[in-house]
>>> print(open('entry_22.csv').read())   # CSV, C-alpha atoms
chain,number,residue,atom,x,y,z
A,1,THR,CA,0.0,0.0,0.0
A,2,HIS,CA,2.8,2.4,0.9
A,3,LYS,CA,4.4,2.2,-2.5
A,4,TYR,CA,1.1,3.0,-4.3
A,5,ILE,CA,0.5,6.0,-2.1
A,6,ALA,CA,4.1,7.1,-2.7
A,7,ALA,CA,3.7,6.6,-6.5
A,8,TYR,CA,0.5,8.8,-6.5
A,9,MET,CA,2.2,11.5,-4.5
A,10,ALA,CA,5.4,11.4,-6.6
A,11,TYR,CA,3.4,11.5,-9.9
A,12,GLN,CA,1.2,14.4,-8.8
A,13,GLY,CA,4.1,16.4,-7.3
A,14,ILE,CA,6.4,15.9,-10.3
A,15,MET,CA,3.7,16.8,-12.9
A,16,ALA,CA,2.7,20.0,-10.9
A,17,TRP,CA,6.2,21.1,-9.9
A,18,TYR,CA,8.1,20.4,-13.1
A,19,PHE,CA,5.7,20.2,-16.0
A,20,SER,CA,2.8,22.6,-15.2
A,21,ASP,CA,2.8,26.3,-15.9
A,22,ALA,CA,-0.7,26.9,-14.6
A,23,ASP,CA,0.7,28.2,-11.2
A,24,SER,CA,3.4,30.4,-12.6
A,25,ASP,CA,1.4,33.7,-12.3
A,26,THR,CA,-0.4,32.8,-9.1
A,27,PHE,CA,2.8,31.9,-7.1
A,28,ASP,CA,5.3,34.3,-8.6
A,29,THR,CA,6.4,36.1,-5.5
A,30,PRO,CA,8.1,34.7,-2.3
A,31,SER,CA,5.1,35.6,-0.1
A,32,ASP,CA,2.7,34.1,-2.6
A,33,ARG,CA,4.6,30.8,-2.5
A,34,ILE,CA,4.4,30.7,1.3
A,35,LEU,CA,1.0,32.2,2.0
A,36,LYS,CA,-1.3,31.4,-1.0
A,37,ILE,CA,-3.0,28.0,-0.8
A,38,HIS,CA,-2.3,25.4,-3.4
A,39,PRO,CA,-5.1,22.8,-3.3
A,40,LEU,CA,-2.9,19.9,-4.5
A,41,GLY,CA,-0.1,20.9,-2.2
A,42,VAL,CA,-2.6,20.8,0.7
A,43,GLN,CA,-3.9,17.4,-0.4
A,44,LEU,CA,-0.4,15.9,-0.6
A,45,SER,CA,0.4,17.4,2.8
A,46,GLU,CA,-2.7,15.8,4.3
A,47,ILE,CA,-1.7,12.4,2.9
A,48,ALA,CA,1.8,12.9,4.4
A,49,VAL,CA,0.3,13.8,7.8
A,50,GLY,CA,-1.9,10.6,7.7
A,51,MET,CA,1.1,8.5,6.8
A,52,GLN,CA,3.3,9.8,9.6
A,53,LEU,CA,0.5,9.8,12.2
A,54,PHE,CA,-1.1,6.4,11.5
A,55,TRP,CA,1.7,4.4,9.8
A,56,ASP,CA,5.4,5.4,9.9
A,57,THR,CA,5.6,6.8,13.4
A,58,PRO,CA,3.5,4.2,15.2
A,59,LEU,CA,5.3,1.3,13.4
A,60,GLY,CA,8.6,2.9,14.3
A,61,PHE,CA,7.7,2.5,18.0
A,62,ILE,CA,6.0,-0.8,17.8
A,63,ILE,CA,8.3,-2.9,15.5
A,64,PRO,CA,11.9,-3.4,16.9
A,65,ALA,CA,13.5,-3.5,13.5
A,66,LEU,CA,12.2,0.0,12.8
A,67,ASN,CA,13.0,1.5,16.2
A,68,ASP,CA,15.7,3.8,15.1
A,69,PRO,CA,15.9,7.1,17.0
A,70,LEU,CA,17.1,9.2,14.1
A,71,LYS,CA,14.3,7.8,11.8
A,72,LEU,CA,11.7,8.4,14.5
A,73,ALA,CA,12.8,12.0,14.9
A,74,HIS,CA,12.6,12.3,11.1
A,75,HIS,CA,9.0,11.0,11.2
A,76,ILE,CA,7.9,13.3,13.9
A,77,GLY,CA,9.6,16.3,12.2
A,78,MET,CA,7.9,15.3,8.9
A,79,PHE,CA,4.6,15.2,10.6
A,80,LEU,CA,5.0,18.7,12.1
A,81,THR,CA,6.2,20.1,8.8
A,82,ALA,CA,3.4,18.4,6.7
A,83,ALA,CA,0.8,19.6,9.3
A,84,GLN,CA,1.9,23.1,8.7
A,85,SER,CA,1.5,23.0,4.9
A,86,ALA,CA,-1.7,21.1,5.3
A,87,GLY,CA,-3.1,23.7,7.7
A,88,SER,CA,-3.7,21.1,10.4
A,89,PHE,CA,-2.9,23.7,13.1
A,90,GLY,CA,-4.2,26.8,11.4
A,91,ARG,CA,-3.4,28.5,8.2
A,92,PRO,CA,-1.5,26.4,5.6
A,93,VAL,CA,2.2,27.5,5.3
A,94,GLY,CA,4.0,26.8,2.1
A,95,SER,CA,1.5,24.5,0.4
A,96,TYR,CA,2.9,25.4,-3.0
A,97,HIS,CA,6.3,24.1,-2.0
A,98,ALA,CA,4.6,21.0,-0.7
A,99,LEU,CA,4.3,19.9,-4.4
A,100,PHE,CA,8.0,19.2,-4.2
A,101,TYR,CA,8.6,18.2,-0.6
A,102,MET,CA,5.5,16.1,-0.1
A,103,GLY,CA,5.2,15.0,-3.7
A,104,ALA,CA,8.1,14.9,-6.1
A,105,VAL,CA,10.7,13.6,-3.6
A,106,GLU,CA,8.5,10.6,-2.8
A,107,LEU,CA,9.8,9.0,-6.1
A,108,SER,CA,12.7,7.6,-4.1
A,109,THR,CA,10.2,5.9,-1.7
A,110,ILE,CA,8.9,3.6,-4.3
A,111,PRO,CA,12.0,1.4,-4.8
A,112,LEU,CA,12.8,1.8,-1.0
A,113,THR,CA,9.6,-0.1,-0.1
A,114,PHE,CA,11.0,-3.1,-2.0
A,115,VAL,CA,14.5,-2.7,-0.6
A,116,ASP,CA,13.2,-2.7,2.9
A,117,ILE,CA,11.5,-6.1,2.4
A,118,PHE,CA,14.8,-7.9,1.9
A,119,HIS,CA,16.8,-5.9,4.3
A,120,PRO,CA,18.8,-8.0,6.9
A,121,LYS,CA,16.7,-6.5,9.7
A,122,HIS,CA,13.7,-8.5,8.3
A,123,LYS,CA,15.3,-11.9,8.8
A,124,PRO,CA,12.6,-14.2,7.3
A,125,TRP,CA,12.5,-12.4,3.9
A,126,PHE,CA,16.3,-11.8,3.9
A,127,GLU,CA,17.0,-15.5,4.6
A,128,TYR,CA,14.4,-16.5,2.0
A,129,MET,CA,16.3,-14.4,-0.6
A,130,LYS,CA,19.6,-15.8,0.4
A,131,SER,CA,18.3,-19.4,0.1
A,132,LYS,CA,17.4,-18.7,-3.6
A,133,GLY,CA,21.1,-18.0,-4.4
A,134,PRO,CA,22.9,-15.0,-6.0
A,135,SER,CA,21.8,-16.0,-9.5
A,136,SER,CA,18.1,-16.1,-8.8
A,137,MET,CA,15.6,-13.6,-10.2
A,138,LEU,CA,14.7,-12.5,-6.7
A,139,HIS,CA,18.4,-11.6,-6.0
A,140,SER,CA,18.6,-9.7,-9.3
A,141,PHE,CA,15.4,-7.8,-8.5
A,142,ASN,CA,16.7,-6.8,-5.1
A,143,THR,CA,19.9,-5.6,-6.6
A,144,PHE,CA,18.0,-3.6,-9.2
A,145,THR,CA,15.8,-1.9,-6.6
A,146,ARG,CA,18.8,-1.1,-4.4
A,147,VAL,CA,20.5,0.6,-7.2
A,148,ALA,CA,17.3,2.4,-8.3
A,149,PHE,CA,16.7,3.6,-4.8
A,150,ALA,CA,20.3,4.8,-4.4
A,151,LEU,CA,20.3,6.8,-7.6
A,152,CYS,CA,16.8,8.3,-6.9
A,153,PHE,CA,17.9,9.2,-3.4
A,154,LEU,CA,21.2,10.7,-4.4
A,155,VAL,CA,19.7,12.9,-7.2
A,156,LEU,CA,16.4,13.9,-5.6
A,157,ARG,CA,17.2,14.0,-1.9
A,158,GLY,CA,21.0,14.4,-1.8
A,159,ILE,CA,21.3,17.1,-4.5
A,160,ILE,CA,17.9,18.6,-5.5
A,161,PHE,CA,16.4,18.6,-2.1
A,162,PRO,CA,19.1,20.8,-0.4
A,163,TYR,CA,19.3,23.0,-3.5
A,164,GLU,CA,15.5,23.7,-3.4
A,165,VAL,CA,15.7,24.3,0.4
A,166,PHE,CA,18.5,26.8,0.4
A,167,THR,CA,17.8,28.6,-2.9
A,168,ARG,CA,14.0,28.8,-2.8
A,169,TRP,CA,12.4,27.7,0.4
A,170,VAL,CA,14.6,29.4,2.9
A,171,PRO,CA,14.6,32.8,1.0
A,172,ASP,CA,10.8,32.6,0.6
A,173,ILE,CA,10.3,31.9,4.3
A,174,LEU,CA,12.7,34.7,5.5
A,175,HIS,CA,11.2,37.2,3.1
A,176,THR,CA,7.6,36.4,4.3
A,177,ALA,CA,8.7,36.4,7.9
A,178,SER,CA,10.0,40.0,7.5
A,179,LEU,CA,6.6,41.3,6.5
A,180,SER,CA,4.1,42.9,8.8
A,181,PRO,CA,1.4,40.7,10.4
A,182,SER,CA,-1.2,42.2,8.1
A,183,GLU,CA,1.0,41.4,5.0
A,184,ARG,CA,1.5,37.9,6.4
A,185,GLU,CA,-2.3,37.5,6.5
A,186,GLY,CA,-2.2,36.4,10.1
A,187,THR,CA,0.4,33.6,9.6
A,188,SER,CA,2.3,33.3,12.8
A,189,LEU,CA,6.1,33.7,13.0
A,190,PRO,CA,6.5,30.5,15.1
A,191,SER,CA,4.9,28.3,12.4
A,192,MET,CA,7.2,29.8,9.7
A,193,TYR,CA,10.3,29.4,11.9
A,194,LEU,CA,9.2,25.8,12.7
A,195,VAL,CA,9.2,24.8,9.0
A,196,LEU,CA,12.3,26.8,8.4
A,197,SER,CA,14.2,24.9,11.1
A,198,THR,CA,12.9,21.4,10.1
A,199,SER,CA,13.7,22.0,6.4
A,200,ILE,CA,17.3,22.9,7.2
A,201,LEU,CA,17.6,19.9,9.5
A,202,PHE,CA,16.0,17.6,6.9
A,203,SER,CA,18.5,18.9,4.3
A,204,LEU,CA,21.5,18.1,6.5
A,205,LEU,CA,19.9,14.7,7.2
A,206,GLN,CA,19.4,14.0,3.5
A,207,ILE,CA,23.0,14.9,2.8
A,208,LYS,CA,24.2,12.6,5.6
A,209,TRP,CA,22.1,9.7,4.3
A,210,ALA,CA,23.2,10.5,0.7
A,211,VAL,CA,26.9,10.2,1.6
A,212,MET,CA,26.2,6.8,3.3
A,213,ILE,CA,24.3,5.6,0.3
A,214,ALA,CA,27.0,6.8,-2.1
A,215,LYS,CA,29.6,4.8,-0.1
A,216,GLN,CA,27.4,1.7,-0.2
A,217,LEU,CA,26.9,2.1,-4.0
A,218,THR,CA,30.7,2.4,-4.4
A,219,ASN,CA,31.2,-0.7,-2.3
A,220,MET,CA,28.7,-2.6,-4.5
A,221,ALA,CA,30.5,-1.5,-7.6
A,222,ILE,CA,33.9,-2.4,-6.3
A,223,GLY,CA,32.6,-5.7,-5.0
A,224,GLY,CA,31.1,-6.5,-8.3
A,225,LYS,CA,34.4,-5.8,-10.1
A,226,GLY,CA,36.2,-8.0,-7.6
A,227,ASP,CA,33.8,-10.9,-8.2
A,228,LYS,CA,34.3,-10.6,-12.0
A,229,LYS,CA,38.1,-10.7,-11.6
A,230,LYS,CA,37.9,-13.8,-9.5
A,231,ASP,CA,35.8,-15.5,-12.2
>>> encode(input="entry_22.csv", output="structure tokens")
Amino acid sequence: THKYIAAYMAYQGIMAWYFSDADSDTFDTPSDRILKIHPLGVQLSEIAVGMQLFWDTPLGFIIPALNDPLKLAHHIGMFLTAAQSAGSFGRPVGSYHALFYMGAVELSTIPLTFVDIFHPKHKPWFEYMKSKGPSSMLHSFNTFTRVAFALCFLVLRGIIFPYEVFTRWVPDILHTASLSPSEREGTSLPSMYLVLSTSILFSLLQIKWAVMIAKQLTNMAIGGKGDKKKD
């Protein structure tokens, strides 16, 4: 189910963020991009809120294999950020930008759902794949999804995500925060500074994970070459 939801969010986000000019006039200023409400951005944010509130975060506490403090902190931060752009606690903040952060970046989640199935932390599935041998279709499929996830993550979350945050999101938030309360249309400064803080922390976290994935990808490539030389 997770992969289907991620596919929907990624498709809608990518099409609206990269291939639609319908919003170019409506969201053409920094304050417009933060304050004006984008219906699709709100919808994607609402889905993200539901996923974090009823799926990712609870499972992180319940299932020992998913009980990672850093990932749990990420889930909670994601919930708070998505709740702001969805308007769960008041006026939506940055629902236009949610097209990218709650939509387009979910493309990397699709192969990740398959990678997680055969991760060593899920011993039954991992052992089942090992029993099939390295030449099995299942093993090849797992390798393909791992590489696909790594490339998607490196490009979308390791490069584009921080770029969008520091060149578009942060400047838009700081500009809007500098406006008077009436110009901000009642949007509170704490809500803007909250999403500003979480976005910067998320960027640093994405970079940290991207470096780890790049190392794993390099090890896979080196390991593959070593196996060929032995043959």
>>> residues_around(input="entry_22.csv", residues="Tyr101 of chain A", least_positions_apart="3", cutoff="10 Å", atoms="only C-alpha atoms", output="MDAnalysis selection string")
chainID A and resid 10 13 41 44:45 48 78 81:82 95:98 104:106 157 161 164:165 199
>>> residues_near_point(input="entry_22.csv", point="(9.5, 11.9, 13.8)", cutoff="12 Å", atoms="all atoms listed in the file", output="count of residues only")
29
>>> residues_around(input="entry_22.csv", residues="segment 121-135 of chain A", least_positions_apart="2", cutoff="12 Å", atoms="all atoms listed in the file", output="list in words")
Ile63, Pro64, Ala65, Leu66, Asn67, Asp68, Phe114, Val115, Asp116, Ile117, Phe118, His119, Met137, Leu138, His139, Ser140, Phe141, Asn142, Thr143 and Asp227 of chain A
>>> atom_distance(input="entry_22.csv", atom1="atom CA of Ala7 of chain A", atom2="atom CA of Pro111 of chain A")
9.9 Å
>>> closest_residue(input="entry_22.csv", among="A:Gln12, A:Ser203, A:Ile37, A:Met102", to="Ile160 of chain A", atoms="all atoms listed in the file")
A:Ser203
>>> atom_distance(input="entry_22.csv", atom1="atom CA of Leu154 of chain A", atom2="atom CA of Met212 of chain A")
10.0 Å
>>> decode(input="entry_22.csv", residues="segment 120-132 of chain A", atoms="all heavy atoms", output="PDB file, in the first residue's frame")
ATOM      1  N   PRO A 120      18.417  -7.034   5.812  1.00  0.00           N
ATOM      2  CA  PRO A 120      18.787  -8.018   6.852  1.00  0.00           C
ATOM      3  C   PRO A 120      17.990  -7.879   8.157  1.00  0.00           C
ATOM      4  O   PRO A 120      17.861  -8.853   8.902  1.00  0.00           O
ATOM      5  CB  PRO A 120      20.270  -7.718   7.085  1.00  0.00           C
ATOM      6  CG  PRO A 120      20.753  -7.190   5.772  1.00  0.00           C
ATOM      7  CD  PRO A 120      19.607  -6.393   5.222  1.00  0.00           C
ATOM      8  N   LYS A 121      17.447  -6.670   8.431  1.00  0.00           N
ATOM      9  CA  LYS A 121      16.680  -6.503   9.670  1.00  0.00           C
ATOM     10  C   LYS A 121      15.362  -7.272   9.617  1.00  0.00           C
ATOM     11  O   LYS A 121      14.764  -7.534  10.665  1.00  0.00           O
ATOM     12  CB  LYS A 121      16.418  -5.016   9.938  1.00  0.00           C
ATOM     13  CG  LYS A 121      15.553  -4.320   8.905  1.00  0.00           C
ATOM     14  CD  LYS A 121      15.483  -2.829   9.139  1.00  0.00           C
ATOM     15  CE  LYS A 121      14.675  -2.127   8.062  1.00  0.00           C
ATOM     16  NZ  LYS A 121      14.684  -0.664   8.215  1.00  0.00           N
ATOM     17  N   HIS A 122      14.907  -7.599   8.407  1.00  0.00           N
ATOM     18  CA  HIS A 122      13.723  -8.452   8.251  1.00  0.00           C
ATOM     19  C   HIS A 122      14.206  -9.868   7.921  1.00  0.00           C
ATOM     20  O   HIS A 122      14.245 -10.277   6.759  1.00  0.00           O
ATOM     21  CB  HIS A 122      12.809  -7.914   7.147  1.00  0.00           C
ATOM     22  CG  HIS A 122      12.289  -6.548   7.429  1.00  0.00           C
ATOM     23  ND1 HIS A 122      12.349  -5.513   6.519  1.00  0.00           N
ATOM     24  CD2 HIS A 122      11.698  -6.021   8.540  1.00  0.00           C
ATOM     25  CE1 HIS A 122      11.823  -4.427   7.041  1.00  0.00           C
ATOM     26  NE2 HIS A 122      11.422  -4.707   8.266  1.00  0.00           N
ATOM     27  N   LYS A 123      14.596 -10.592   8.938  1.00  0.00           N
ATOM     28  CA  LYS A 123      15.310 -11.856   8.773  1.00  0.00           C
ATOM     29  C   LYS A 123      14.589 -12.904   7.924  1.00  0.00           C
ATOM     30  O   LYS A 123      15.214 -13.547   7.081  1.00  0.00           O
ATOM     31  CB  LYS A 123      15.668 -12.437  10.141  1.00  0.00           C
ATOM     32  CG  LYS A 123      16.746 -11.628  10.851  1.00  0.00           C
ATOM     33  CD  LYS A 123      17.173 -12.298  12.145  1.00  0.00           C
ATOM     34  CE  LYS A 123      18.283 -11.501  12.810  1.00  0.00           C
ATOM     35  NZ  LYS A 123      18.713 -12.134  14.086  1.00  0.00           N
ATOM     36  N   PRO A 124      13.282 -13.128   8.111  1.00  0.00           N
ATOM     37  CA  PRO A 124      12.621 -14.173   7.307  1.00  0.00           C
ATOM     38  C   PRO A 124      12.741 -13.927   5.806  1.00  0.00           C
ATOM     39  O   PRO A 124      13.075 -14.843   5.042  1.00  0.00           O
ATOM     40  CB  PRO A 124      11.161 -14.106   7.777  1.00  0.00           C
ATOM     41  CG  PRO A 124      11.241 -13.555   9.160  1.00  0.00           C
ATOM     42  CD  PRO A 124      12.362 -12.575   9.120  1.00  0.00           C
ATOM     43  N   TRP A 125      12.453 -12.700   5.369  1.00  0.00           N
ATOM     44  CA  TRP A 125      12.537 -12.384   3.938  1.00  0.00           C
ATOM     45  C   TRP A 125      13.979 -12.386   3.452  1.00  0.00           C
ATOM     46  O   TRP A 125      14.276 -12.837   2.332  1.00  0.00           O
ATOM     47  CB  TRP A 125      11.897 -11.029   3.653  1.00  0.00           C
ATOM     48  CG  TRP A 125      10.404 -11.049   3.645  1.00  0.00           C
ATOM     49  CD1 TRP A 125       9.556 -10.566   4.595  1.00  0.00           C
ATOM     50  CD2 TRP A 125       9.570 -11.625   2.636  1.00  0.00           C
ATOM     51  NE1 TRP A 125       8.252 -10.789   4.242  1.00  0.00           N
ATOM     52  CE2 TRP A 125       8.228 -11.433   3.044  1.00  0.00           C
ATOM     53  CE3 TRP A 125       9.816 -12.286   1.426  1.00  0.00           C
ATOM     54  CZ2 TRP A 125       7.147 -11.880   2.287  1.00  0.00           C
ATOM     55  CZ3 TRP A 125       8.741 -12.722   0.669  1.00  0.00           C
ATOM     56  CH2 TRP A 125       7.423 -12.525   1.102  1.00  0.00           C
ATOM     57  N   PHE A 126      14.890 -11.867   4.303  1.00  0.00           N
ATOM     58  CA  PHE A 126      16.299 -11.832   3.929  1.00  0.00           C
ATOM     59  C   PHE A 126      16.855 -13.238   3.763  1.00  0.00           C
ATOM     60  O   PHE A 126      17.572 -13.535   2.786  1.00  0.00           O
ATOM     61  CB  PHE A 126      17.094 -11.067   4.983  1.00  0.00           C
ATOM     62  CG  PHE A 126      18.573 -11.010   4.702  1.00  0.00           C
ATOM     63  CD1 PHE A 126      19.062 -10.272   3.639  1.00  0.00           C
ATOM     64  CD2 PHE A 126      19.469 -11.696   5.505  1.00  0.00           C
ATOM     65  CE1 PHE A 126      20.424 -10.207   3.380  1.00  0.00           C
ATOM     66  CE2 PHE A 126      20.830 -11.654   5.247  1.00  0.00           C
ATOM     67  CZ  PHE A 126      21.306 -10.907   4.181  1.00  0.00           C
ATOM     68  N   GLU A 127      16.512 -14.120   4.691  1.00  0.00           N
ATOM     69  CA  GLU A 127      16.978 -15.508   4.619  1.00  0.00           C
ATOM     70  C   GLU A 127      16.360 -16.228   3.420  1.00  0.00           C
ATOM     71  O   GLU A 127      17.021 -17.058   2.781  1.00  0.00           O
ATOM     72  CB  GLU A 127      16.630 -16.243   5.915  1.00  0.00           C
ATOM     73  CG  GLU A 127      17.384 -15.745   7.139  1.00  0.00           C
ATOM     74  CD  GLU A 127      18.889 -15.941   7.011  1.00  0.00           C
ATOM     75  OE1 GLU A 127      19.314 -16.887   6.300  1.00  0.00           O
ATOM     76  OE2 GLU A 127      19.641 -15.149   7.598  1.00  0.00           O
ATOM     77  N   TYR A 128      15.112 -15.899   3.125  1.00  0.00           N
ATOM     78  CA  TYR A 128      14.449 -16.510   1.961  1.00  0.00           C
ATOM     79  C   TYR A 128      15.171 -16.119   0.674  1.00  0.00           C
ATOM     80  O   TYR A 128      15.407 -16.972  -0.201  1.00  0.00           O
ATOM     81  CB  TYR A 128      12.989 -16.070   1.909  1.00  0.00           C
ATOM     82  CG  TYR A 128      12.248 -16.566   0.687  1.00  0.00           C
ATOM     83  CD1 TYR A 128      11.840 -17.904   0.585  1.00  0.00           C
ATOM     84  CD2 TYR A 128      11.960 -15.711  -0.372  1.00  0.00           C
ATOM     85  CE1 TYR A 128      11.163 -18.365  -0.537  1.00  0.00           C
ATOM     86  CE2 TYR A 128      11.283 -16.161  -1.503  1.00  0.00           C
ATOM     87  CZ  TYR A 128      10.890 -17.487  -1.574  1.00  0.00           C
ATOM     88  OH  TYR A 128      10.231 -17.945  -2.693  1.00  0.00           O
ATOM     89  N   MET A 129      15.544 -14.848   0.559  1.00  0.00           N
ATOM     90  CA  MET A 129      16.258 -14.404  -0.635  1.00  0.00           C
ATOM     91  C   MET A 129      17.621 -15.084  -0.724  1.00  0.00           C
ATOM     92  O   MET A 129      18.051 -15.514  -1.804  1.00  0.00           O
ATOM     93  CB  MET A 129      16.431 -12.883  -0.609  1.00  0.00           C
ATOM     94  CG  MET A 129      17.123 -12.324  -1.851  1.00  0.00           C
ATOM     95  SD  MET A 129      17.489 -10.561  -1.718  1.00  0.00           S
ATOM     96  CE  MET A 129      18.724 -10.573  -0.412  1.00  0.00           C
ATOM     97  N   LYS A 130      18.315 -15.198   0.400  1.00  0.00           N
ATOM     98  CA  LYS A 130      19.627 -15.848   0.416  1.00  0.00           C
ATOM     99  C   LYS A 130      19.524 -17.308  -0.006  1.00  0.00           C
ATOM    100  O   LYS A 130      20.404 -17.829  -0.708  1.00  0.00           O
ATOM    101  CB  LYS A 130      20.246 -15.758   1.812  1.00  0.00           C
ATOM    102  CG  LYS A 130      20.875 -14.420   2.138  1.00  0.00           C
ATOM    103  CD  LYS A 130      21.493 -14.416   3.522  1.00  0.00           C
ATOM    104  CE  LYS A 130      22.624 -15.418   3.628  1.00  0.00           C
ATOM    105  NZ  LYS A 130      23.276 -15.384   4.967  1.00  0.00           N
ATOM    106  N   SER A 131      18.431 -17.958   0.391  1.00  0.00           N
ATOM    107  CA  SER A 131      18.262 -19.382   0.061  1.00  0.00           C
ATOM    108  C   SER A 131      18.091 -19.604  -1.436  1.00  0.00           C
ATOM    109  O   SER A 131      18.355 -20.689  -1.945  1.00  0.00           O
ATOM    110  CB  SER A 131      17.061 -19.953   0.816  1.00  0.00           C
ATOM    111  OG  SER A 131      15.842 -19.409   0.327  1.00  0.00           O
ATOM    112  N   LYS A 132      17.655 -18.557  -2.144  1.00  0.00           N
ATOM    113  CA  LYS A 132      17.448 -18.674  -3.588  1.00  0.00           C
ATOM    114  C   LYS A 132      18.755 -18.564  -4.375  1.00  0.00           C
ATOM    115  O   LYS A 132      18.807 -18.916  -5.561  1.00  0.00           O
ATOM    116  CB  LYS A 132      16.465 -17.593  -4.074  1.00  0.00           C
ATOM    117  CG  LYS A 132      15.048 -17.762  -3.539  1.00  0.00           C
ATOM    118  CD  LYS A 132      14.433 -19.054  -4.025  1.00  0.00           C
ATOM    119  CE  LYS A 132      13.025 -19.251  -3.522  1.00  0.00           C
ATOM    120  NZ  LYS A 132      12.423 -20.509  -4.019  1.00  0.00           N
TER     121      LYS A 132
END
